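Q: Here's a structure for you.
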Amino acid sequence: MKLNVFPTSDAAIQALADYFVALAAQAVAARGRFVVALSGGSSPKRLYELLASPAYHEQVSWEQVYFFFGDERNVPHTSPDSNYLMAKKALLDPLGIRPNQVFAVDTEEEPAEAAAQYGVAIEEFFGERKARFDLVLLGLGDNAHTASLFPHTPVLHDKTVGVKEVWLPEQQVYRITFTAPLINQARAIAFLAFGAGKAEAVAQVLGTEQNIEQYPAQLIAPTSGDVAWYLDEAAASELEQKGV
Ligand SMILES: O=C1O[C@H](COP(=O)(O)O)[C@@H](O)[C@H](O)[C@H]1O
């Protein structure tokens, strides 16, 4: 695990954008494409806007990048809560990414069916090859969830490499999420979290004994890939007292 702490959120985002560029170049050189799973939530929008800015236009072979979503809200693609809509506006449309490079969850379906279909779409995309994303981007909720692996939900114990629906009783909503085994097959996984509001969750995930029921982000431990955290000082501020 590589822990990267930056003085500001801008610096953390910039470093993660540069990591994206480096991984994309390696993947395209090795396999002719770069397959990434995007995250939703409050953190990634600024990363996507930066990647879509002119400074990055020439740095990535965008026509060789394929986009999936590590999790999705069970809402229409037109909803302000949709991870797809956020990525479309901040990243995909500004870069002119073609529709055949983007794999969105079909939220018109019932959640279980949407999850099953998305799992099949991933299997079909990788074909004979193992479903190994070149990069899975992740955020961290202040309750230590990541993707839509929420505390005390059955999906935390799901050993299948796939996609599942998750019922969140407190919010009375469904979400769709990659399972932890699918995330952990990735070649690289990067967490992005910034702001003091994330400090406690970061310290719980990285600095306390394993308790995946309470801190689901602790499930993220790639089998043979790399995991890197991109934090600002505020998000990292409680790590020292945990001895990290
Ligand atoms: O990985 C992810 O993390 C976030 C945490 O979101 P935040 O809004 O609390 O920063 C999660 O909800 C999101 O959907 C996911 O992709």
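If you're wondering about the labels, chains in the structure tokens are A, B, ... by order shown, residues count from 1 in each chain, ligands from 1 in order shown.
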Give me the chain A side of the contact with ligand 1, cut-off 10 Å, one line per residue showing its nearest atom pair and distance in Å at one decimal, counting only C-alpha atoms and all ligand atoms, sorted by chain and residue number, as JSON lines.
A:
{"residue": "A:Ala37", "atom": "CA", "partner": "ligand 1", "partner_atom_place_in_ligand_line": "16 (O)", "distance": 9.2}
{"residue": "A:Leu38", "atom": "CA", "partner": "ligand 1", "partner_atom_place_in_ligand_line": "16 (O)", "distance": 7.0}
{"residue": "A:Ser39", "atom": "CA", "partner": "ligand 1", "partner_atom_place_in_ligand_line": "16 (O)", "distance": 3.5}
{"residue": "A:Gly40", "atom": "CA", "partner": "ligand 1", "partner_atom_place_in_ligand_line": "16 (O)", "distance": 3.8}
{"residue": "A:Gly41", "atom": "CA", "partner": "ligand 1", "partner_atom_place_in_ligand_line": "8 (O)", "distance": 3.3}
{"residue": "A:Ser42", "atom": "CA", "partner": "ligand 1", "partner_atom_place_in_ligand_line": "8 (O)", "distance": 3.9}
{"residue": "A:Ser43", "atom": "CA", "partner": "ligand 1", "partner_atom_place_in_ligand_line": "10 (O)", "distance": 5.0}
{"residue": "A:Pro44", "atom": "CA", "partner": "ligand 1", "partner_atom_place_in_ligand_line": "10 (O)", "distance": 7.9}
{"residue": "A:Lys45", "atom": "CA", "partner": "ligand 1", "partner_atom_place_in_ligand_line": "10 (O)", "distance": 10.0}
{"residue": "A:Phe69", "atom": "CA", "partner": "ligand 1", "partner_atom_place_in_ligand_line": "16 (O)", "distance": 7.7}
{"residue": "A:Gly70", "atom": "CA", "partner": "ligand 1", "partner_atom_place_in_ligand_line": "16 (O)", "distance": 6.1}
{"residue": "A:Asp71", "atom": "CA", "partner": "ligand 1", "partner_atom_place_in_ligand_line": "16 (O)", "distance": 5.3}
{"residue": "A:Glu72", "atom": "CA", "partner": "ligand 1", "partner_atom_place_in_ligand_line": "14 (O)", "distance": 6.3}
{"residue": "A:Arg73", "atom": "CA", "partner": "ligand 1", "partner_atom_place_in_ligand_line": "14 (O)", "distance": 7.4}
{"residue": "A:Asp81", "atom": "CA", "partner": "ligand 1", "partner_atom_place_in_ligand_line": "14 (O)", "distance": 9.5}
{"residue": "A:Ser82", "atom": "CA", "partner": "ligand 1", "partner_atom_place_in_ligand_line": "14 (O)", "distance": 9.1}
{"residue": "A:Asn83", "atom": "CA", "partner": "ligand 1", "partner_atom_place_in_ligand_line": "14 (O)", "distance": 7.0}
{"residue": "A:Val136", "atom": "CA", "partner": "ligand 1", "partner_atom_place_in_ligand_line": "1 (O)", "distance": 9.2}
{"residue": "A:Leu137", "atom": "CA", "partner": "ligand 1", "partner_atom_place_in_ligand_line": "1 (O)", "distance": 7.0}
{"residue": "A:Leu138", "atom": "CA", "partner": "ligand 1", "partner_atom_place_in_ligand_line": "1 (O)", "distance": 3.8}
{"residue": "A:Gly139", "atom": "CA", "partner": "ligand 1", "partner_atom_place_in_ligand_line": "3 (O)", "distance": 3.4}
{"residue": "A:Leu140", "atom": "CA", "partner": "ligand 1", "partner_atom_place_in_ligand_line": "5 (C)", "distance": 4.3}
{"residue": "A:Gly141", "atom": "CA", "partner": "ligand 1", "partner_atom_place_in_ligand_line": "9 (O)", "distance": 3.5}
{"residue": "A:Asp142", "atom": "CA", "partner": "ligand 1", "partner_atom_place_in_ligand_line": "9 (O)", "distance": 5.7}
{"residue": "A:Asn143", "atom": "CA", "partner": "ligand 1", "partner_atom_place_in_ligand_line": "9 (O)", "distance": 8.0}
{"residue": "A:Ala144", "atom": "CA", "partner": "ligand 1", "partner_atom_place_in_ligand_line": "5 (C)", "distance": 8.2}
{"residue": "A:His145", "atom": "CA", "partner": "ligand 1", "partner_atom_place_in_ligand_line": "3 (O)", "distance": 6.5}
{"residue": "A:Thr146", "atom": "CA", "partner": "ligand 1", "partner_atom_place_in_ligand_line": "1 (O)", "distance": 4.1}
{"residue": "A:Ala147", "atom": "CA", "partner": "ligand 1", "partner_atom_place_in_ligand_line": "1 (O)", "distance": 3.6}
{"residue": "A:Ser148", "atom": "CA", "partner": "ligand 1", "partner_atom_place_in_ligand_line": "14 (O)", "distance": 5.9}
{"residue": "A:Leu149", "atom": "CA", "partner": "ligand 1", "partner_atom_place_in_ligand_line": "1 (O)", "distance": 8.5}
{"residue": "A:Phe150", "atom": "CA", "partner": "ligand 1", "partner_atom_place_in_ligand_line": "12 (O)", "distance": 8.9}
{"residue": "A:Arg175", "atom": "CA", "partner": "ligand 1", "partner_atom_place_in_ligand_line": "14 (O)", "distance": 8.7}
{"residue": "A:Ile176", "atom": "CA", "partner": "ligand 1", "partner_atom_place_in_ligand_line": "14 (O)", "distance": 9.4}
{"residue": "A:Thr177", "atom": "CA", "partner": "ligand 1", "partner_atom_place_in_ligand_line": "16 (O)", "distance": 8.5}
{"residue": "A:Phe178", "atom": "CA", "partner": "ligand 1", "partner_atom_place_in_ligand_line": "16 (O)", "distance": 9.7}
{"residue": "A:Ala190", "atom": "CA", "partner": "ligand 1", "partner_atom_place_in_ligand_line": "1 (O)", "distance": 9.7}
{"residue": "A:Phe191", "atom": "CA", "partner": "ligand 1", "partner_atom_place_in_ligand_line": "1 (O)", "distance": 7.6}
{"residue": "A:Leu192", "atom": "CA", "partner": "ligand 1", "partner_atom_place_in_ligand_line": "1 (O)", "distance": 8.4}
{"residue": "A:Ala193", "atom": "CA", "partner": "ligand 1", "partner_atom_place_in_ligand_line": "10 (O)", "distance": 7.0}
{"residue": "A:Phe194", "atom": "CA", "partner": "ligand 1", "partner_atom_place_in_ligand_line": "10 (O)", "distance": 8.5}
{"residue": "A:Gly195", "atom": "CA", "partner": "ligand 1", "partner_atom_place_in_ligand_line": "10 (O)", "distance": 9.8}
{"residue": "A:Gly197", "atom": "CA", "partner": "ligand 1", "partner_atom_place_in_ligand_line": "9 (O)", "distance": 9.1}
{"residue": "A:Lys198", "atom": "CA", "partner": "ligand 1", "partner_atom_place_in_ligand_line": "9 (O)", "distance": 8.1}
{"residue": "A:Ala217", "atom": "CA", "partner": "ligand 1", "partner_atom_place_in_ligand_line": "1 (O)", "distance": 8.9}
Q: I'd like the contact shell of range 95-100 of chain A - 9 Å cut-off, only C-alpha atoms, skipping same-chain residues fewer than 2 positions apart - returned as number ranges by chain.
A: A: 51-53, 57, 62-63, 65-66, 91-93, 102-103
Q: Could you dump the residues just selected with N, CA and C atoms as a tab-separated table (two decimals), in the first residue's frame?
A:
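Wrote selection-v9.tsv, looks like this:
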chain	number	residue	atom	x	y	z
A	51	LEU	N	-8.71	16.05	-15.55
A	51	LEU	CA	-8.33	15.15	-16.66
A	51	LEU	C	-8.92	15.62	-17.99
A	52	ALA	N	-10.06	16.29	-17.90
A	52	ALA	CA	-10.71	16.77	-19.14
A	52	ALA	C	-10.16	18.12	-19.59
A	53	SER	N	-9.27	18.70	-18.81
A	53	SER	CA	-8.75	20.04	-19.16
A	53	SER	C	-7.70	19.92	-20.27
A	57	HIS	N	-5.28	16.72	-22.60
A	57	HIS	CA	-5.81	16.21	-23.87
A	57	HIS	C	-4.81	15.34	-24.61
A	62	TRP	N	-7.02	9.00	-25.45
A	62	TRP	CA	-8.38	8.86	-24.92
A	62	TRP	C	-9.22	7.88	-25.73
A	63	GLU	N	-8.92	7.75	-27.02
A	63	GLU	CA	-9.73	6.83	-27.83
A	63	GLU	C	-9.45	5.36	-27.48
A	65	VAL	N	-9.26	4.43	-24.17
A	65	VAL	CA	-9.67	4.28	-22.77
A	65	VAL	C	-11.13	3.81	-22.73
A	66	TYR	N	-11.40	2.82	-21.88
A	66	TYR	CA	-12.76	2.27	-21.71
A	66	TYR	C	-13.18	2.53	-20.26
A	91	LEU	N	-16.20	14.65	-17.44
A	91	LEU	CA	-15.07	13.98	-18.09
A	91	LEU	C	-15.38	13.51	-19.51
A	92	LEU	N	-16.47	12.74	-19.65
A	92	LEU	CA	-16.68	12.02	-20.91
A	92	LEU	C	-17.08	12.95	-22.04
A	93	ASP	N	-18.05	13.82	-21.79
A	93	ASP	CA	-18.48	14.74	-22.86
A	93	ASP	C	-17.39	15.75	-23.22
A	102	VAL	N	-17.94	3.62	-23.23
A	102	VAL	CA	-18.52	3.89	-21.91
A	102	VAL	C	-19.55	2.82	-21.57
A	103	PHE	N	-19.41	2.21	-20.40
A	103	PHE	CA	-20.31	1.14	-19.96
A	103	PHE	C	-20.99	1.61	-18.68
Q: Pick out the closest residue to Val166 in chain A from this set: A:Ala228, A:Val120, A:Ala115, A:Ala104. Count only C-alpha atoms.
A: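 Of the candidates, the smallest distance to Val166 in chain A is held by A:Ala115.
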Q: Could you check how far CA of Ser237 in chain A sits from CA of Glu213 in chain A, in Å to one decimal?
A: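 Taking CA of Ser237 in chain A as the start and CA of Glu213 in chain A as the end point, the length is 23.7 Å.
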Q: Write out as a list of chain:residue names which residues come within 8 Å of Leu156 in chain A when counting only C-alpha atoms, dropping same-chain ones fewer than 4 positions away.
A: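 Counting only the stated atoms, we get A:Leu149, A:Phe150, A:Pro151, A:His152, A:Thr179, A:Ala180, A:Ile212, A:Glu213, A:Pro216, A:Leu219.
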Q: What does the file look like for those residues with N, CA and C atoms, as an mmCIF file, in the first residue's frame?
A:
data_model
loop_
_atom_site.group_PDB
_atom_site.id
_atom_site.type_symbol
_atom_site.label_atom_id
_atom_site.label_comp_id
_atom_site.auth_asym_id
_atom_site.auth_seq_id
_atom_site.Cartn_x
_atom_site.Cartn_y
_atom_site.Cartn_z
ATOM 1 N N LEU A 149 -19.875 -0.540 -1.065
ATOM 2 C CA LEU A 149 -19.670 -1.544 -0.021
ATOM 3 C C LEU A 149 -19.882 -0.831 1.312
ATOM 4 N N PHE A 150 -21.131 -0.877 1.776
ATOM 5 C CA PHE A 150 -21.512 -0.129 2.979
ATOM 6 C C PHE A 150 -21.413 -1.012 4.220
ATOM 7 N N PRO A 151 -21.177 -0.375 5.382
ATOM 8 C CA PRO A 151 -21.117 -1.139 6.625
ATOM 9 C C PRO A 151 -22.358 -2.017 6.814
ATOM 10 N N HIS A 152 -22.107 -3.212 7.314
ATOM 11 C CA HIS A 152 -23.174 -4.135 7.725
ATOM 12 C C HIS A 152 -24.134 -4.504 6.592
ATOM 13 N N THR A 179 -18.246 -6.103 -6.478
ATOM 14 C CA THR A 179 -17.893 -6.790 -5.232
ATOM 15 C C THR A 179 -16.417 -6.516 -4.918
ATOM 16 N N ALA A 180 -16.053 -6.751 -3.661
ATOM 17 C CA ALA A 180 -14.638 -6.549 -3.291
ATOM 18 C C ALA A 180 -13.713 -7.461 -4.117
ATOM 19 N N ILE A 212 -14.194 -5.429 8.955
ATOM 20 C CA ILE A 212 -14.767 -5.070 7.659
ATOM 21 C C ILE A 212 -16.251 -4.727 7.745
ATOM 22 N N GLU A 213 -16.937 -5.255 8.766
ATOM 23 C CA GLU A 213 -18.364 -4.919 8.933
ATOM 24 C C GLU A 213 -18.533 -3.420 9.167
ATOM 25 N N PRO A 216 -15.750 -1.054 5.725
ATOM 26 C CA PRO A 216 -15.674 -1.900 4.520
ATOM 27 C C PRO A 216 -14.487 -1.606 3.604
ATOM 28 N N LEU A 219 -11.670 -3.971 3.085
ATOM 29 C CA LEU A 219 -11.739 -5.151 2.193
ATOM 30 C C LEU A 219 -10.833 -4.987 0.980
#
Q: Hey, can you check how far CA of Gln117 in chain A sits from CA of Val155 in chain A?
A: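 Interatomic distance here is 17.0 Å.
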Q: From a DSSP calculation on the backbone, collect every residue of range 31-164 of chain A in helix (DSSP H, G or I) and output the set as a PyMOL selection string.
A: chain A and resi 31+44-51+54-57+62-64+83-95+99-101+111-126+154-157
Q: Could you tell me how far CA of Leu239 in chain A sits from CA of Val205 in chain A, in Å to one decimal place?
A: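 Going from CA of Val205 in chain A over to CA of Leu239 in chain A, I get 9.9 Å.
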Q: Applying 8 Å and only C-alpha atoms, which residues near Val35 in chain A remain after dropping the ones on its own chain fewer than 3 positions away? List them as a list in words.
A: Val65, Tyr66, Phe67, Phe68, Phe133, Asp134 and Leu135 of chain A
Q: Looking at A:Thr78, A:Pro181, A:Ala112, A:Val105, which one is nearest to His157 in chain A, with distances taken over only C-alpha atoms?
A: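 Closest to His157 in chain A of all the choices is A:Pro181.
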Q: Near range 12-16 of chain A, counting only C-alpha atoms, which residues have an atom at most 8 Å away, once you skip same-chain residues fewer than 4 positions from it, shown as a list in words?
A: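 Final neighbour list, sorted by chain and number: Asn4, Val5, Phe6, Pro7, Thr8, Phe20, Arg46, Leu47, Leu50, Ala190, Leu192, Tyr230, Leu231 and Asp232 of chain A.
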Q: Can you write just those residues out, C-alpha atoms, as a CSV table (one decimal), in the first residue's frame?
A:
chain,number,residue,atom,x,y,z
A,4,ASN,CA,0.5,9.7,-0.6
A,5,VAL,CA,-0.2,12.8,1.5
A,6,PHE,CA,-0.2,16.3,-0.1
A,7,PRO,CA,-0.5,19.7,1.4
A,8,THR,CA,-3.7,20.5,-0.5
A,20,PHE,CA,-3.8,8.0,-14.3
A,46,ARG,CA,-12.5,17.7,-9.6
A,47,LEU,CA,-10.2,14.9,-10.7
A,50,LEU,CA,-8.7,18.2,-14.4
A,190,ALA,CA,-6.4,4.4,-6.1
A,192,LEU,CA,-9.0,9.7,-3.4
A,230,TYR,CA,-4.2,10.1,-2.4
A,231,LEU,CA,-5.0,12.3,0.5
A,232,ASP,CA,-4.6,15.9,1.5
Q: Residues within 9 Å of Thr223 in chain A, please, as a PDB file with N, CA and C atoms, in the first residue's frame. Count only C-alpha atoms; anything in the same chain fewer than 5 positions from it doesn't count.
A:
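Saved result, around.pdb, follows:
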ATOM      1  N   PRO A 181     -14.072  -8.751  -4.348  1.00  0.00           N
ATOM      2  CA  PRO A 181     -13.161  -9.576  -5.164  1.00  0.00           C
ATOM      3  C   PRO A 181     -12.953  -9.030  -6.578  1.00  0.00           C
ATOM      4  N   ASN A 184     -10.575  -6.170  -6.216  1.00  0.00           N
ATOM      5  CA  ASN A 184      -9.231  -6.634  -5.826  1.00  0.00           C
ATOM      6  C   ASN A 184      -8.470  -7.342  -6.945  1.00  0.00           C
ATOM      7  N   GLN A 185      -9.148  -7.652  -8.023  1.00  0.00           N
ATOM      8  CA  GLN A 185      -8.445  -8.236  -9.190  1.00  0.00           C
ATOM      9  C   GLN A 185      -7.745  -7.161 -10.029  1.00  0.00           C
ATOM     10  N   ALA A 186      -8.000  -5.896  -9.705  1.00  0.00           N
ATOM     11  CA  ALA A 186      -7.465  -4.813 -10.546  1.00  0.00           C
ATOM     12  C   ALA A 186      -5.942  -4.782 -10.520  1.00  0.00           C
ATOM     13  N   ARG A 187      -5.397  -4.237 -11.592  1.00  0.00           N
ATOM     14  CA  ARG A 187      -3.936  -4.022 -11.625  1.00  0.00           C
ATOM     15  C   ARG A 187      -3.544  -2.880 -10.706  1.00  0.00           C
TER      16      ARG A 187
END
